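Student: Before anything else, here's the structure in question.
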Amino acid sequence: MLTLSSPLGPAPTERLARARADLRMGLGVVVTSEPGNPASGALILAAETLSADRLAAARQLGPAVLAVTARRAATLNARIYDGDLARVALPDDADLAWVQALADPADDLRSPMKGPFLTLRDGPSDLHRAGIALCKSARILPATLVVPLNDAANLATAQNLTRVSADEILTAAATFSPLHSVVSARVPLAVSTAGKLHVFRPEDGGEEHYAVEIGTPDRDAPVLARLHSACFTGDLLGSLKCDCGPQLRAALAQMGAEGSGVLLYLNQEGRGIGLANKMRAYSLQDQGFDTVEANHRLGFEDDERDFRLGAALLTRLGFSKARLMTNNPAKVTMLTRCGIDVVDRVPLKVGRGPLNAAYLDTKAIKSGHFL
């Protein structure tokens with residue numbers, strides 16, 4: 001008979017991966033607040049994927065609040081007492097539409113007066129913070145319904161819900177997940193027939209990341225490198241709203257011309273918020289908001305990407321020095337902090353046009369890009 005410590009059971013990292021998937025599917029997750037006290041905790045449900053039936057069932061368990069980030073709360077003119085988030089109490093007549101209207105800014109301009117709101121100022125907010133962090137890692141809107149529980153562990157068992165601790169969630173959000181090499185294979189490219197693709201997989205069950213090696217770069221010399229965040233619209237569709245596609249192709253072309261280089265293709269779409277949220281941001285831009293304002297209205301920071309990925313991949317490939325092709329000073333700073341000696345920043349000033357000029361100007365003014 002298998003014991004409770006059987007290796008067939010999920011480790012904390014694996015339970016977190018389950019929790020992310022559950023939230024995306026609309027299931028609740030039980031989050032405990034004290035490692036030694038599994039009874040104390042809360043039921044967490046993502047506002048974006050919440051159903052009316054589950055909202056009604058959750059409210060029968062106790063008083064519910066909607067936790068939103070401080071960025072979203074500022075948009076809603078809701079008072080912020082917890083620094084990085086606000087806990088909005090649900091009125092008795094709040095329905096699913098009310099909850100999702102607070103989470104999603106799509107109709108903010110059409111219906112700007114959603115308040116006044118009662119936001120909580122007493123008591124801990126660690127469970128609410130953990131719920132938001134879990135939503136962000138699941139690439140869904142960072143707004144979560146939180147219902148406190150007095151018997152969290154038993155509810156999780158009775159309803160077959162994933163149970164994780166707030167500490168596990170918040171520690172994982174702040175910790176870099178190790179990357180493991182999956183496979184490498186030769187891929188002849190238009191810019192160089194001496195191309196090689198490396199696939200890396202993080203331990204936390206997140207998206208895989210890729211390294212495209214051109215030629216045979218000298219591991220003892222600074223490598224011409226580009227940290228490129230995935231952009232489905234720009235890289236694949238040729239979108240004119242950004243300069244991502246031209247930057248990708250220009251970086252590969254220069255590596256091909258010089259005979260060697262490494263392009264790190266990081267699956268951090270939309271500055272780390274995912275494609276669906278990126279499209280939400282595009283819709284807000286159509287309403288007149290710039291790229292940073294749109295992210296804030298959605299509840300995200302200016303940039304949610306983790307550039308430690310790039311440093312980790314370069315290190316795994318055997319490089320310690322780089323000539324970094326970028327206009328973003330944050331990439332230089334993070335690589336340097338992670339032990340990569342950036343001996344030169346190689347500008348990539350390509351792709352500017354009438355449909356993305358305002359976007360690029362915003363990146364320069366608000367994010368400090370060298371454009």
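To be explicit about the labels: the chains of the structure tokens are called A, B, and onward in the order shown, and within each one the residues are counted from 1, while ligands get numbers from 1 in the order they are shown.
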With a distance cut-off of 8 Å and only C-alpha atoms, select the neighbouring residues of Leu236 (chain A), excluding the residue or stretch itself and same-chain residues fewer than 4 positions from it, and output the selection as a VMD selection string.

Tutor: chain A and resid 231 to 232 245

Student: Could you write out that same residue set with N, CA and C atoms as a tab-separated table (two decimals), in the first residue's frame?

Tutor:
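result39.tsv, freshly written:
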chain	number	residue	atom	x	y	z
A	231	CYS	N	6.37	37.31	-29.90
A	231	CYS	CA	5.33	38.25	-30.34
A	231	CYS	C	4.62	37.60	-31.52
A	232	PHE	N	3.53	36.90	-31.24
A	232	PHE	CA	2.79	36.19	-32.28
A	232	PHE	C	2.37	37.15	-33.39
A	245	GLY	N	8.71	42.11	-35.11
A	245	GLY	CA	9.08	41.33	-36.28
A	245	GLY	C	10.34	41.84	-36.96

Student: Just list the residues in region 36-237 of chain A DSSP gives strand (DSSP E) on the backbone, as a PyMOL selection string.

Tutor: chain A and resi 37-46+65-69+85-89+143-149+163-165+179-186+195-202+209-214+223-229

Student: Within 9 Å of Thr119 (chain A), counting only C-alpha atoms, which residues show up once you throw out same-chain ones fewer than 6 positions away? Write them as a CSV table (one decimal) with C-alpha atoms, in the first residue's frame, please.

Tutor:
chain,number,residue,atom,x,y,z
A,65,VAL,CA,-14.2,39.8,-1.7
A,78,ALA,CA,-11.2,52.1,-5.2
A,79,ARG,CA,-9.3,52.8,-2.0
A,80,ILE,CA,-6.0,50.9,-1.6
A,81,TYR,CA,-5.1,49.9,1.9
A,86,ALA,CA,-7.2,46.2,-2.9
A,87,ARG,CA,-9.8,43.9,-1.4
A,88,VAL,CA,-13.2,44.9,-2.7
A,89,ALA,CA,-16.1,43.6,-0.7

Student: If we count only C-alpha atoms and set the cut-off at 9 Å, which residues sit around Arg72 (chain A), ignoring sequence neighbours fewer than 3 positions away in its own chain? Please answer as a list in words.

Tutor: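 Non-adjacent residues within range: Val68, Thr69, Thr75, Leu76, Asn77, Ala78, Leu85, Ala86, Leu102, Ala103, Pro105, Pro142, Ala143, His296, Arg297, Leu298, Gly299 and Phe300 of chain A.
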
Student: For the atom pair CA of Gly205 (chain A) and CA of Leu313 (chain A), what is the interatomic distance in Å to one decimal place?

Tutor: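 Atom-to-atom, CA of Gly205 (chain A) to CA of Leu313 (chain A), that is 16.8 Å.
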
Student: Take CA of Pro91 (chain A) and CA of Val29 (chain A) and report the distance between them in Å, one decimal.

Tutor: 22.6 Å

Student: Any idea what's packed within 10 Å of Gly259 (chain A), counting only C-alpha atoms, ignoring anything in its chain fewer than 4 positions away? Could you give it as a list in words?

Tutor: Val191, Ser192, Ala194, Ile214, Gly215, Thr216, Pro217, Leu224, Ala253, Gln254 and Met255 of chain A

Student: Run DSSP on the backbone of this structure and report the residues of region 8-207 of chain A it assigns to helix (DSSP H, G or I), as a ChimeraX atom specification.

Tutor: /A:12-25,52-59,70-76,96-103,105-107,126-137,152-159,166-174

Student: Compile the contact shell of Asn328 (chain A) as a ChimeraX atom specification: residues with an atom at most 8 Å away, counting only C-alpha atoms, same-chain residues fewer than 2 positions apart removed.

Tutor: /A:326,330-332,368-370

Student: With all heavy atoms retained, export the selected residues as a compact mmCIF listing (two decimals), in the first residue's frame.

Tutor:
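Output file out_6.txt follows:
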# COMPACT_ATOMS: atom_id res chain seq x y z
N THR A 326 19.91 45.19 -28.26
CA THR A 326 18.70 45.62 -27.58
C THR A 326 18.64 47.15 -27.52
O THR A 326 19.66 47.82 -27.59
CB THR A 326 18.65 45.06 -26.15
OG1 THR A 326 17.40 45.39 -25.54
CG2 THR A 326 19.76 45.63 -25.27
N ALA A 330 16.76 47.68 -19.38
CA ALA A 330 16.44 46.69 -18.34
C ALA A 330 17.06 45.34 -18.65
O ALA A 330 17.43 44.60 -17.74
CB ALA A 330 14.92 46.55 -18.19
N LYS A 331 17.19 45.00 -19.92
CA LYS A 331 17.82 43.74 -20.29
C LYS A 331 19.31 43.75 -19.94
O LYS A 331 19.84 42.76 -19.42
CB LYS A 331 17.63 43.46 -21.78
CG LYS A 331 16.19 43.20 -22.19
CD LYS A 331 16.09 42.91 -23.68
CE LYS A 331 14.64 42.65 -24.11
NZ LYS A 331 14.52 42.38 -25.57
N VAL A 332 19.97 44.86 -20.21
CA VAL A 332 21.39 44.99 -19.89
C VAL A 332 21.59 44.88 -18.38
O VAL A 332 22.46 44.15 -17.90
CB VAL A 332 21.95 46.33 -20.41
CG1 VAL A 332 23.41 46.49 -20.00
CG2 VAL A 332 21.81 46.42 -21.92
N GLY A 368 12.03 54.06 -20.90
CA GLY A 368 13.46 54.34 -21.01
C GLY A 368 14.18 53.65 -22.13
O GLY A 368 15.42 53.56 -22.11
N HIS A 369 13.46 53.16 -23.14
CA HIS A 369 14.13 52.50 -24.26
C HIS A 369 14.94 53.51 -25.07
O HIS A 369 14.54 54.67 -25.22
CB HIS A 369 13.10 51.82 -25.17
CG HIS A 369 12.50 50.59 -24.57
ND1 HIS A 369 12.14 49.49 -25.31
CD2 HIS A 369 12.20 50.26 -23.27
CE1 HIS A 369 11.64 48.56 -24.53
NE2 HIS A 369 11.66 49.01 -23.29
N PHE A 370 16.07 53.06 -25.59
CA PHE A 370 16.94 53.91 -26.38
C PHE A 370 16.48 53.88 -27.84
O PHE A 370 16.92 53.05 -28.63
CB PHE A 370 18.40 53.45 -26.27
CG PHE A 370 18.93 53.50 -24.87
CD1 PHE A 370 19.35 52.34 -24.24
CD2 PHE A 370 19.03 54.70 -24.19
CE1 PHE A 370 19.84 52.37 -22.95
CE2 PHE A 370 19.53 54.74 -22.89
CZ PHE A 370 19.94 53.57 -22.27

Student: Might you pull out every residue within 9 Å of region 14-16 of chain A, with only C-alpha atoms counted and same-chain residues fewer than 5 positions away left off, and present them as a PyMOL selection string?

Tutor: chain A and resi 21+134+162-164+168-169+172+203-205

Student: Could you please determine the separation between CA of Ala312 (chain A) and CA of Ala130 (chain A) in Å, to one decimal place?

Tutor: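 Interatomic distance, CA of Ala312 (chain A) to CA of Ala130 (chain A): 25.7 Å.
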